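As provided, run_34.cif (mmCIF, C-alpha atoms and all ligand atoms) reads as follows.
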data_entry
loop_
_atom_site.label_atom_id
_atom_site.label_comp_id
_atom_site.auth_asym_id
_atom_site.auth_seq_id
_atom_site.Cartn_x
_atom_site.Cartn_y
_atom_site.Cartn_z
CA MET A 1 -6.99 57.68 -48.43
CA SER A 2 -6.22 54.15 -49.54
CA ASN A 3 -6.65 53.21 -53.20
CA ARG A 4 -8.68 50.18 -52.25
CA ARG A 5 -11.60 49.31 -50.02
CA GLY A 6 -11.20 46.58 -47.45
CA LEU A 7 -12.86 43.22 -47.91
CA LEU A 8 -15.00 41.48 -45.31
CA ILE A 9 -13.51 37.99 -45.46
CA ILE A 10 -15.82 35.43 -43.87
CA LEU A 11 -14.60 31.93 -43.02
CA SER A 12 -17.18 29.39 -41.88
CA SER A 13 -16.98 25.64 -41.35
CA PRO A 14 -18.18 22.95 -39.00
CA SER A 15 -16.14 23.06 -35.81
CA GLY A 16 -12.86 21.19 -36.34
CA ALA A 17 -12.56 21.61 -40.13
CA GLY A 18 -9.68 24.06 -39.71
CA LYS A 19 -10.97 27.63 -39.92
CA SER A 20 -9.03 28.93 -36.88
CA THR A 21 -5.82 27.39 -38.23
CA LEU A 22 -6.42 28.89 -41.68
CA SER A 23 -7.35 32.28 -40.16
CA ARG A 24 -4.08 32.34 -38.22
CA ARG A 25 -2.13 31.46 -41.35
CA LEU A 26 -3.88 34.14 -43.41
CA MET A 27 -3.06 36.82 -40.81
CA HIS A 28 0.54 35.60 -40.64
CA TRP A 29 0.74 35.90 -44.44
CA ASP A 30 -0.67 39.44 -44.34
CA PRO A 31 -0.50 41.02 -40.87
CA LYS A 32 -2.58 43.96 -42.13
CA VAL A 33 -5.65 41.70 -42.21
CA GLN A 34 -7.59 42.60 -39.07
CA PHE A 35 -9.43 39.92 -37.11
CA SER A 36 -13.00 40.80 -36.13
CA VAL A 37 -13.12 40.08 -32.40
CA SER A 38 -16.65 38.83 -31.76
CA ALA A 39 -18.76 39.53 -28.70
CA THR A 40 -20.20 36.51 -26.92
CA THR A 41 -22.23 35.65 -23.84
CA ARG A 42 -20.41 32.33 -23.36
CA LYS A 43 -17.89 31.98 -20.55
CA PRO A 44 -14.19 32.25 -21.45
CA ARG A 45 -12.29 28.97 -21.90
CA ALA A 46 -8.94 28.47 -20.19
CA GLY A 47 -6.38 30.67 -21.90
CA GLU A 48 -8.89 32.89 -23.71
CA VAL A 49 -8.23 36.61 -23.32
CA ASP A 50 -11.04 39.18 -23.12
CA GLY A 51 -10.73 41.64 -26.00
CA LYS A 52 -8.42 39.36 -27.98
CA ASP A 53 -10.28 36.08 -28.48
CA TYR A 54 -13.73 37.50 -27.75
CA HIS A 55 -15.36 40.37 -25.94
CA PHE A 56 -17.05 38.46 -23.13
CA LEU A 57 -20.33 40.22 -22.36
CA SER A 58 -23.30 39.68 -20.07
CA GLU A 59 -26.55 38.80 -21.81
CA THR A 60 -28.02 42.18 -20.79
CA ARG A 61 -25.13 44.10 -22.32
CA PHE A 62 -25.17 41.93 -25.46
CA LYS A 63 -28.89 42.51 -26.01
CA ARG A 64 -28.49 46.25 -25.42
CA ASP A 65 -25.72 46.43 -28.06
CA VAL A 66 -27.94 44.56 -30.52
CA ALA A 67 -30.88 46.90 -29.78
CA HIS A 68 -28.62 49.93 -30.39
CA GLY A 69 -27.61 48.56 -33.79
CA ASP A 70 -23.99 48.13 -32.67
CA MET A 71 -23.71 44.58 -34.09
CA LEU A 72 -23.17 44.00 -37.79
CA GLU A 73 -24.69 40.54 -37.31
CA HIS A 74 -25.57 38.30 -34.40
CA ALA A 75 -26.72 34.74 -33.82
CA HIS A 76 -27.48 32.13 -31.21
CA VAL A 77 -24.93 29.27 -31.50
CA PHE A 78 -24.48 26.27 -29.15
CA GLY A 79 -26.75 27.94 -26.57
CA ASN A 80 -24.92 31.29 -26.46
CA PHE A 81 -25.18 34.64 -28.25
CA TYR A 82 -22.44 35.73 -30.62
CA GLY A 83 -22.10 38.93 -32.62
CA SER A 84 -19.66 41.03 -34.65
CA PRO A 85 -19.25 44.62 -33.38
CA ARG A 86 -19.92 46.99 -36.27
CA ALA A 87 -17.67 50.02 -35.61
CA PRO A 88 -14.21 48.39 -35.91
CA VAL A 89 -15.25 46.73 -39.18
CA GLN A 90 -16.47 49.96 -40.78
CA GLU A 91 -13.32 51.83 -39.67
CA ALA A 92 -10.99 49.13 -41.02
CA ILE A 93 -12.58 48.78 -44.43
CA ASP A 94 -12.72 52.57 -44.85
CA ARG A 95 -8.94 52.55 -44.25
CA GLY A 96 -8.59 49.93 -46.99
CA GLN A 97 -7.88 47.15 -44.51
CA ASP A 98 -9.46 43.69 -44.84
CA VAL A 99 -11.37 42.24 -41.89
CA LEU A 100 -11.48 38.51 -41.20
CA PHE A 101 -14.55 36.91 -39.59
CA ASP A 102 -14.69 33.46 -38.00
CA ILE A 103 -18.49 33.22 -37.79
CA ASP A 104 -21.26 30.73 -38.48
CA TRP A 105 -23.57 30.53 -41.51
CA GLN A 106 -26.24 32.75 -39.89
CA GLY A 107 -23.76 35.59 -39.44
CA ALA A 108 -22.39 35.11 -42.97
CA GLN A 109 -25.91 35.36 -44.38
CA GLN A 110 -26.68 38.55 -42.45
CA ILE A 111 -23.46 40.26 -43.56
CA ARG A 112 -24.03 39.27 -47.19
CA ASN A 113 -27.51 40.84 -46.98
CA SER A 114 -26.27 44.01 -45.24
CA ALA A 115 -25.19 47.31 -46.79
CA LEU A 116 -21.62 45.90 -46.79
CA GLY A 117 -22.68 42.83 -48.80
CA ALA A 118 -20.94 44.00 -51.98
CA HIS A 119 -17.60 44.02 -50.16
CA THR A 120 -17.95 40.53 -48.72
CA LEU A 121 -15.88 37.48 -49.62
CA SER A 122 -17.32 34.33 -48.08
CA ILE A 123 -15.45 31.04 -47.94
CA PHE A 124 -16.70 27.73 -46.58
CA ILE A 125 -14.22 25.12 -45.34
CA LEU A 126 -15.23 21.47 -45.70
CA PRO A 127 -13.40 18.55 -44.06
CA PRO A 128 -12.20 15.73 -46.35
CA SER A 129 -14.47 13.30 -44.45
CA ILE A 130 -16.62 13.11 -41.33
CA ALA A 131 -14.17 10.60 -39.80
CA GLU A 132 -11.33 13.12 -40.28
CA LEU A 133 -13.45 15.90 -38.76
CA HIS A 134 -13.95 13.73 -35.69
CA ARG A 135 -10.25 12.89 -35.54
CA ARG A 136 -9.31 16.60 -35.70
CA LEU A 137 -11.72 17.52 -32.91
CA GLU A 138 -10.26 14.78 -30.75
CA THR A 139 -6.60 15.49 -31.50
CA ARG A 140 -7.08 19.24 -30.94
CA GLY A 141 -7.50 18.17 -27.32
CA GLN A 142 -9.49 21.26 -26.40
CA ASP A 143 -12.83 19.70 -25.54
CA SER A 144 -14.21 16.89 -23.41
CA ALA A 145 -15.66 13.79 -25.13
CA GLU A 146 -19.10 15.21 -24.41
CA VAL A 147 -18.37 18.55 -26.10
CA VAL A 148 -16.75 16.78 -29.08
CA ALA A 149 -19.92 14.70 -29.47
CA LYS A 150 -22.06 17.85 -29.32
CA ARG A 151 -19.91 19.58 -31.94
CA MET A 152 -20.09 16.49 -34.20
CA GLN A 153 -23.87 16.47 -33.87
CA LYS A 154 -24.04 20.13 -34.89
CA SER A 155 -21.61 19.77 -37.77
CA TRP A 156 -24.25 18.73 -40.31
CA ASP A 157 -26.32 21.81 -39.60
CA GLU A 158 -23.34 23.99 -40.52
CA ILE A 159 -22.24 21.85 -43.52
CA SER A 160 -25.76 21.97 -44.98
CA HIS A 161 -25.25 25.71 -45.67
CA TRP A 162 -22.12 25.24 -47.78
CA ASP A 163 -23.87 26.35 -50.97
CA GLY A 164 -24.49 29.93 -49.80
CA TYR A 165 -20.77 30.81 -50.00
CA ASP A 166 -18.70 32.37 -52.80
CA PHE A 167 -15.93 29.76 -52.47
CA VAL A 168 -15.66 26.29 -50.95
CA LEU A 169 -12.35 24.72 -49.95
CA ILE A 170 -11.88 21.09 -48.96
CA ASN A 171 -9.23 21.31 -46.26
CA ASP A 172 -7.30 18.12 -46.94
CA ASP A 173 -3.67 19.17 -47.18
CA LEU A 174 -3.24 22.27 -45.00
CA ASP A 175 -0.47 23.94 -47.04
CA ALA A 176 -2.40 23.47 -50.29
CA THR A 177 -5.59 24.88 -48.72
CA GLU A 178 -3.70 27.90 -47.40
CA GLU A 179 -2.29 28.51 -50.87
CA LYS A 180 -5.79 28.44 -52.38
CA LEU A 181 -7.09 30.77 -49.68
CA ARG A 182 -4.36 33.29 -50.45
CA SER A 183 -5.19 33.13 -54.16
CA ILE A 184 -8.88 33.77 -53.49
CA VAL A 185 -8.09 36.78 -51.29
CA THR A 186 -5.56 38.16 -53.78
CA ALA A 187 -8.03 37.91 -56.65
CA SER A 188 -10.95 39.33 -54.67
CA ARG A 189 -8.96 42.43 -53.76
CA LEU A 190 -8.98 43.23 -57.47
CA ARG A 191 -12.77 43.18 -57.81
CA ARG A 192 -14.03 46.39 -59.35
CA SER A 193 -16.04 47.15 -56.19
CA GLN A 194 -12.83 47.04 -54.12
CA GLN A 195 -10.99 49.62 -56.21
CA PRO A 196 -12.66 53.00 -55.67
CA GLY A 197 -9.92 54.83 -57.59
CA LEU A 198 -10.64 53.07 -60.89
CA THR A 199 -13.10 55.61 -62.29
CA GLU A 200 -10.60 58.40 -61.82
CA HIS A 201 -7.80 56.34 -63.30
CA VAL A 202 -9.84 55.58 -66.41
CA ARG A 203 -10.81 59.27 -66.68
CA ASN A 204 -7.12 60.17 -66.63
CA LEU A 205 -6.41 57.56 -69.28
CA GLN A 206 -9.17 59.09 -71.39
CA THR A 207 -7.77 62.61 -71.02
CA GLU A 208 -4.36 61.33 -72.04
CA PHE A 209 -5.87 59.40 -74.93
CA GLU A 210 -7.80 62.44 -76.20
CA ALA A 211 -4.71 64.66 -75.91
CA ARG A 212 -2.85 62.42 -78.36
CA LYS A 213 -5.42 62.91 -81.14
P1 LIG B 1 -11.97 25.05 -36.32
O1 LIG B 1 -11.44 26.43 -36.05
O2 LIG B 1 -12.65 24.96 -37.66
O3 LIG B 1 -12.81 24.50 -35.21
P2 LIG B 1 -9.16 24.21 -36.00
O4 LIG B 1 -8.45 25.20 -36.90
O5 LIG B 1 -9.07 24.41 -34.53
O6 LIG B 1 -10.71 24.07 -36.46
O7 LIG B 1 -8.62 22.76 -36.41
C1 LIG B 1 -8.98 21.60 -35.69
C2 LIG B 1 -7.74 20.69 -35.55
O8 LIG B 1 -7.41 20.15 -36.84
C3 LIG B 1 -6.50 21.42 -35.03
O9 LIG B 1 -5.81 20.56 -34.17
C4 LIG B 1 -5.69 21.68 -36.32
O10 LIG B 1 -4.31 21.73 -36.05
C5 LIG B 1 -6.05 20.47 -37.19
N1 LIG B 1 -6.05 20.72 -38.63
C6 LIG B 1 -6.52 21.81 -39.28
N2 LIG B 1 -6.37 21.68 -40.63
C7 LIG B 1 -5.80 20.46 -40.82
C8 LIG B 1 -5.38 19.72 -42.00
N3 LIG B 1 -5.55 20.20 -43.24
N4 LIG B 1 -4.85 18.51 -41.82
C9 LIG B 1 -4.69 17.99 -40.57
N5 LIG B 1 -5.04 18.63 -39.42
C10 LIG B 1 -5.60 19.85 -39.55
P1 LIG B 2 -16.77 28.90 -30.09
O1 LIG B 2 -17.69 29.07 -28.90
O2 LIG B 2 -16.34 27.47 -30.28
O3 LIG B 2 -15.63 29.87 -30.06
O4 LIG B 2 -17.62 29.27 -31.38
C1 LIG B 2 -18.77 28.56 -31.69
C2 LIG B 2 -19.31 28.97 -33.05
O5 LIG B 2 -19.75 30.34 -33.03
C3 LIG B 2 -18.32 28.87 -34.22
O6 LIG B 2 -18.99 28.21 -35.29
C4 LIG B 2 -18.03 30.29 -34.58
O7 LIG B 2 -17.75 30.42 -35.97
C5 LIG B 2 -19.33 30.97 -34.21
N1 LIG B 2 -19.12 32.39 -33.97
C6 LIG B 2 -18.11 32.99 -33.28
N2 LIG B 2 -18.25 34.31 -33.26
C7 LIG B 2 -19.38 34.58 -33.96
C8 LIG B 2 -20.06 35.81 -34.31
O8 LIG B 2 -19.65 36.92 -33.99
N3 LIG B 2 -21.20 35.67 -35.03
C9 LIG B 2 -21.69 34.48 -35.44
N4 LIG B 2 -22.80 34.47 -36.18
N5 LIG B 2 -21.08 33.31 -35.14
C10 LIG B 2 -19.95 33.37 -34.40
#

Could you take the file, read its structure, and then write that structure out as structure tokens?
Amino acid sequence: MSNRRGLLIILSSPSGAGKSTLSRRLMHWDPKVQFSVSATTRKPRAGEVDGKDYHFLSETRFKRDVAHGDMLEHAHVFGNFYGSPRAPVQEAIDRGQDVLFDIDWQGAQQIRNSALGAHTLSIFILPPSIAELHRRLETRGQDSAEVVAKRMQKSWDEISHWDGYDFVLINDDLDATEEKLRSIVTASRLRRSQQPGLTEHVRNLQTEFEARK
């Protein structure tokens, strides 16, 4: 058994602010951090792999999983259903492994309010400006002008929930933001709630202390 419990690390941001980039960097820094592969009813984009980027499900299957309680959280985003399968998360954190979520504010809120809420670390990523957010969406080159416009329109809805998060990072310089993200994760792993062995350790210290009297 591990001497720590895993954290549920939630990264949210308006599309284009940099959460995928920061997620990749965090997992590169610590490969033991496990990515929570979401289920979705949207169609795969070119290059997306089923089971790696998302579990691509039919709406019927998605709704059945939700009804069975198999989703830790779920939401309707940009016209499609998204959800985080519960079982892999529970198994990872019981092993002492952190799980990283790239989910929207609705999912973050549901996880915070769930039985796993005490083990959650939520981080919101803000862009330095709206003009820069637009520039990043365009230079990423992944979406048509129409989709970029739709994402820009939705960005305020996501940004308006910034104040529900434990930490907020303004992703200006990427290296500096990554450094801050690592510091937040490192510190949060030391929360009392993440160290189940502490009570026993303190009991041992007490026994040793008493024996010296
Ligand atoms: P999201 O996952 O939030 O939609 P991405 O991680 O895909 O955003 O980032 C959007 C684009 O912005 C990508 O092309 C990425 O390389 C770039 N990007 C991310 N962070 C920064 C940064 N701090 N400075 C400049 N460009 C960035
Ligand atoms: P995309 O379709 O561009 O991959 O994702 C669209 C939005 O859905 C992003 O804001 C992303 O964070 C969010 N999202 C992805 N997976 C989940 C999930 O499992 N739950 C919730 N609540 N949101 C998700």

Review point. Which one of A:Ser114, A:Thr21, A:Thr60, A:Thr40 sits closest to ligand LIG 2 (chain B) if you count all atoms listed in the file?
Key: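 Result for the nearest residue to ligand LIG 2 (chain B): A:Thr40.
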
Check your understanding: Between A:Arg61, A:Asn113, A:Glu132, A:Glu200, which has the minimum distance to Asp173 (chain A) (counting only C-alpha atoms)?
Key ->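 Going through A:Arg61, A:Asn113, A:Glu132, A:Glu200 one by one, the smallest distance to Asp173 (chain A) is for A:Glu132.
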
Check your understanding: So which one's closest to His161 (chain A), A:Ala108, A:Leu8, A:Ala131, A:Ala115? Using all atoms listed in the file, please.
Key -> A:Ala108

Practice item. Work out how far apart atom C3 of ligand LIG 2 (chain B) and CA of Arg112 (chain A) are and give it in Å to one decimal. Key: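 Computing it gives 17.6 Å between the two atoms.
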
Would you mind listing what lies within 9 Å of Pro14 (chain A) as an mmCIF file with C-alpha atoms, in the coordinates of the input, with all atoms listed in the file counted and same-chain residues fewer than 2 positions away left out?
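The file below, part-v8.cif, is the result:
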data_model
loop_
_atom_site.group_PDB
_atom_site.id
_atom_site.type_symbol
_atom_site.label_atom_id
_atom_site.label_comp_id
_atom_site.auth_asym_id
_atom_site.auth_seq_id
_atom_site.Cartn_x
_atom_site.Cartn_y
_atom_site.Cartn_z
ATOM 1 C CA SER A 12 -17.180 29.390 -41.880
ATOM 2 C CA GLY A 16 -12.860 21.190 -36.340
ATOM 3 C CA ALA A 17 -12.560 21.610 -40.130
ATOM 4 C CA GLY A 18 -9.680 24.060 -39.710
ATOM 5 C CA LYS A 19 -10.970 27.630 -39.920
ATOM 6 C CA ASP A 104 -21.260 30.730 -38.480
ATOM 7 C CA ILE A 125 -14.220 25.120 -45.340
ATOM 8 C CA LEU A 126 -15.230 21.470 -45.700
ATOM 9 C CA PRO A 127 -13.400 18.550 -44.060
ATOM 10 C CA LEU A 133 -13.450 15.900 -38.760
ATOM 11 C CA ARG A 151 -19.910 19.580 -31.940
ATOM 12 C CA MET A 152 -20.090 16.490 -34.200
ATOM 13 C CA LYS A 154 -24.040 20.130 -34.890
ATOM 14 C CA SER A 155 -21.610 19.770 -37.770
ATOM 15 C CA TRP A 156 -24.250 18.730 -40.310
ATOM 16 C CA ASP A 157 -26.320 21.810 -39.600
ATOM 17 C CA GLU A 158 -23.340 23.990 -40.520
ATOM 18 C CA ILE A 159 -22.240 21.850 -43.520
#

Practice item. Dump the neighbourhood of ligand LIG 2 (chain B) as a PyMOL selection string: all residues within 6 Å, distances computed on only C-alpha atoms and all ligand atoms. Key: chain A and resi 15+38-39+74-75+77+82-84+102-104+106-107

Just-selected residues, C-alpha atoms written as a PDB file, in the frame of the given file:
ATOM      1  CA  SER A  15     -16.140  23.060 -35.810  1.00  0.00           C
ATOM      2  CA  SER A  38     -16.650  38.830 -31.760  1.00  0.00           C
ATOM      3  CA  ALA A  39     -18.760  39.530 -28.700  1.00  0.00           C
ATOM      4  CA  HIS A  74     -25.570  38.300 -34.400  1.00  0.00           C
ATOM      5  CA  ALA A  75     -26.720  34.740 -33.820  1.00  0.00           C
ATOM      6  CA  VAL A  77     -24.930  29.270 -31.500  1.00  0.00           C
ATOM      7  CA  TYR A  82     -22.440  35.730 -30.620  1.00  0.00           C
ATOM      8  CA  GLY A  83     -22.100  38.930 -32.620  1.00  0.00           C
ATOM      9  CA  SER A  84     -19.660  41.030 -34.650  1.00  0.00           C
ATOM     10  CA  ASP A 102     -14.690  33.460 -38.000  1.00  0.00           C
ATOM     11  CA  ILE A 103     -18.490  33.220 -37.790  1.00  0.00           C
ATOM     12  CA  ASP A 104     -21.260  30.730 -38.480  1.00  0.00           C
ATOM     13  CA  GLN A 106     -26.240  32.750 -39.890  1.00  0.00           C
ATOM     14  CA  GLY A 107     -23.760  35.590 -39.440  1.00  0.00           C
TER      15      GLY A 107
END

Practice item. Tell me which of A:Gly6, A:Gly79, A:Pro44, A:Pro88 sits closest to Lys32 (chain A), counting only C-alpha atoms. Key: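 Going through A:Gly6, A:Gly79, A:Pro44, A:Pro88 one by one, the smallest distance to Lys32 (chain A) is for A:Gly6.
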
Exercise for review: May I ask which of the residues A:Ser183, A:Gln195, A:Gln90, A:Gln142 is the closest one to ligand LIG 1 (chain B), counting all atoms listed in the file?
Suggested key: A:Gln142

Size and centre in Å, one decimal, axis-aligned box, all listed ligand LIG 1 (chain B) atoms plus 6 Å per side, as JSON:
{"center_x": -8.6, "center_y": 22.2, "center_z": -38.7, "size_x": 20.5, "size_y": 20.4, "size_z": 21.1}

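Atom to atom, atom N5 of ligand LIG 1 (chain B) and CA of Leu174 (chain A) stand 6.9 Å apart.
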
Review point. Which polymer residues have any atom within 12 Å of an atom of Asp143 (chain A), counting all atoms listed in the file, with same-chain residues fewer than 4 positions away left out, as a PyMOL selection string?
Key: chain A and resi 15-16+45-46+134+136-139+147-152

Could you dump the residues just selected with C-alpha atoms as a PDB file, in the coordinates of the input?
ATOM      1  CA  SER A  15     -16.140  23.060 -35.810  1.00  0.00           C
ATOM      2  CA  GLY A  16     -12.860  21.190 -36.340  1.00  0.00           C
ATOM      3  CA  ARG A  45     -12.290  28.970 -21.900  1.00  0.00           C
ATOM      4  CA  ALA A  46      -8.940  28.470 -20.190  1.00  0.00           C
ATOM      5  CA  HIS A 134     -13.950  13.730 -35.690  1.00  0.00           C
ATOM      6  CA  ARG A 136      -9.310  16.600 -35.700  1.00  0.00           C
ATOM      7  CA  LEU A 137     -11.720  17.520 -32.910  1.00  0.00           C
ATOM      8  CA  GLU A 138     -10.260  14.780 -30.750  1.00  0.00           C
ATOM      9  CA  THR A 139      -6.600  15.490 -31.500  1.00  0.00           C
ATOM     10  CA  VAL A 147     -18.370  18.550 -26.100  1.00  0.00           C
ATOM     11  CA  VAL A 148     -16.750  16.780 -29.080  1.00  0.00           C
ATOM     12  CA  ALA A 149     -19.920  14.700 -29.470  1.00  0.00           C
ATOM     13  CA  LYS A 150     -22.060  17.850 -29.320  1.00  0.00           C
ATOM     14  CA  ARG A 151     -19.910  19.580 -31.940  1.00  0.00           C
ATOM     15  CA  MET A 152     -20.090  16.490 -34.200  1.00  0.00           C
TER      16      MET A 152
END

**Study point:** Residue among A:Leu100, A:Ala67, A:Leu7, A:Leu57 lying closest to Val37 (chain A), counting all atoms listed in the file
**Key:**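 Result for the nearest residue to Val37 (chain A): A:Leu100.
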
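What separates CA of His119 (chain A) from CA of Phe56 (chain A) is a distance of 27.6 Å.
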
Exercise for review: Tell me, as a list in words, which residues lie within 12 Å of Ala187 (chain A), counting only C-alpha atoms; anything in the same chain fewer than 6 positions away does not count.
Suggested key: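 Near neighbours after the sequence-gap exclusion: Leu7, Leu121, Lys180, Leu181 and Gln194 of chain A.
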
Those same residues - C-alpha atoms - I'd like them written as a short mmCIF file (atom, residue, chain, number, x, y, z; two decimals), keeping the file's coordinate frame.
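File written: out.cif
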data_model
loop_
_atom_site.label_atom_id
_atom_site.label_comp_id
_atom_site.auth_asym_id
_atom_site.auth_seq_id
_atom_site.Cartn_x
_atom_site.Cartn_y
_atom_site.Cartn_z
CA LEU A 7 -12.86 43.22 -47.91
CA LEU A 121 -15.88 37.48 -49.62
CA LYS A 180 -5.79 28.44 -52.38
CA LEU A 181 -7.09 30.77 -49.68
CA GLN A 194 -12.83 47.04 -54.12
#

Review point. Excluding same-chain residues fewer than 5 positions from Asp166 (chain A), what lies within 9 Å of it counting all atoms listed in the file, as a PyMOL selection string?
Key: chain A and resi 121-124
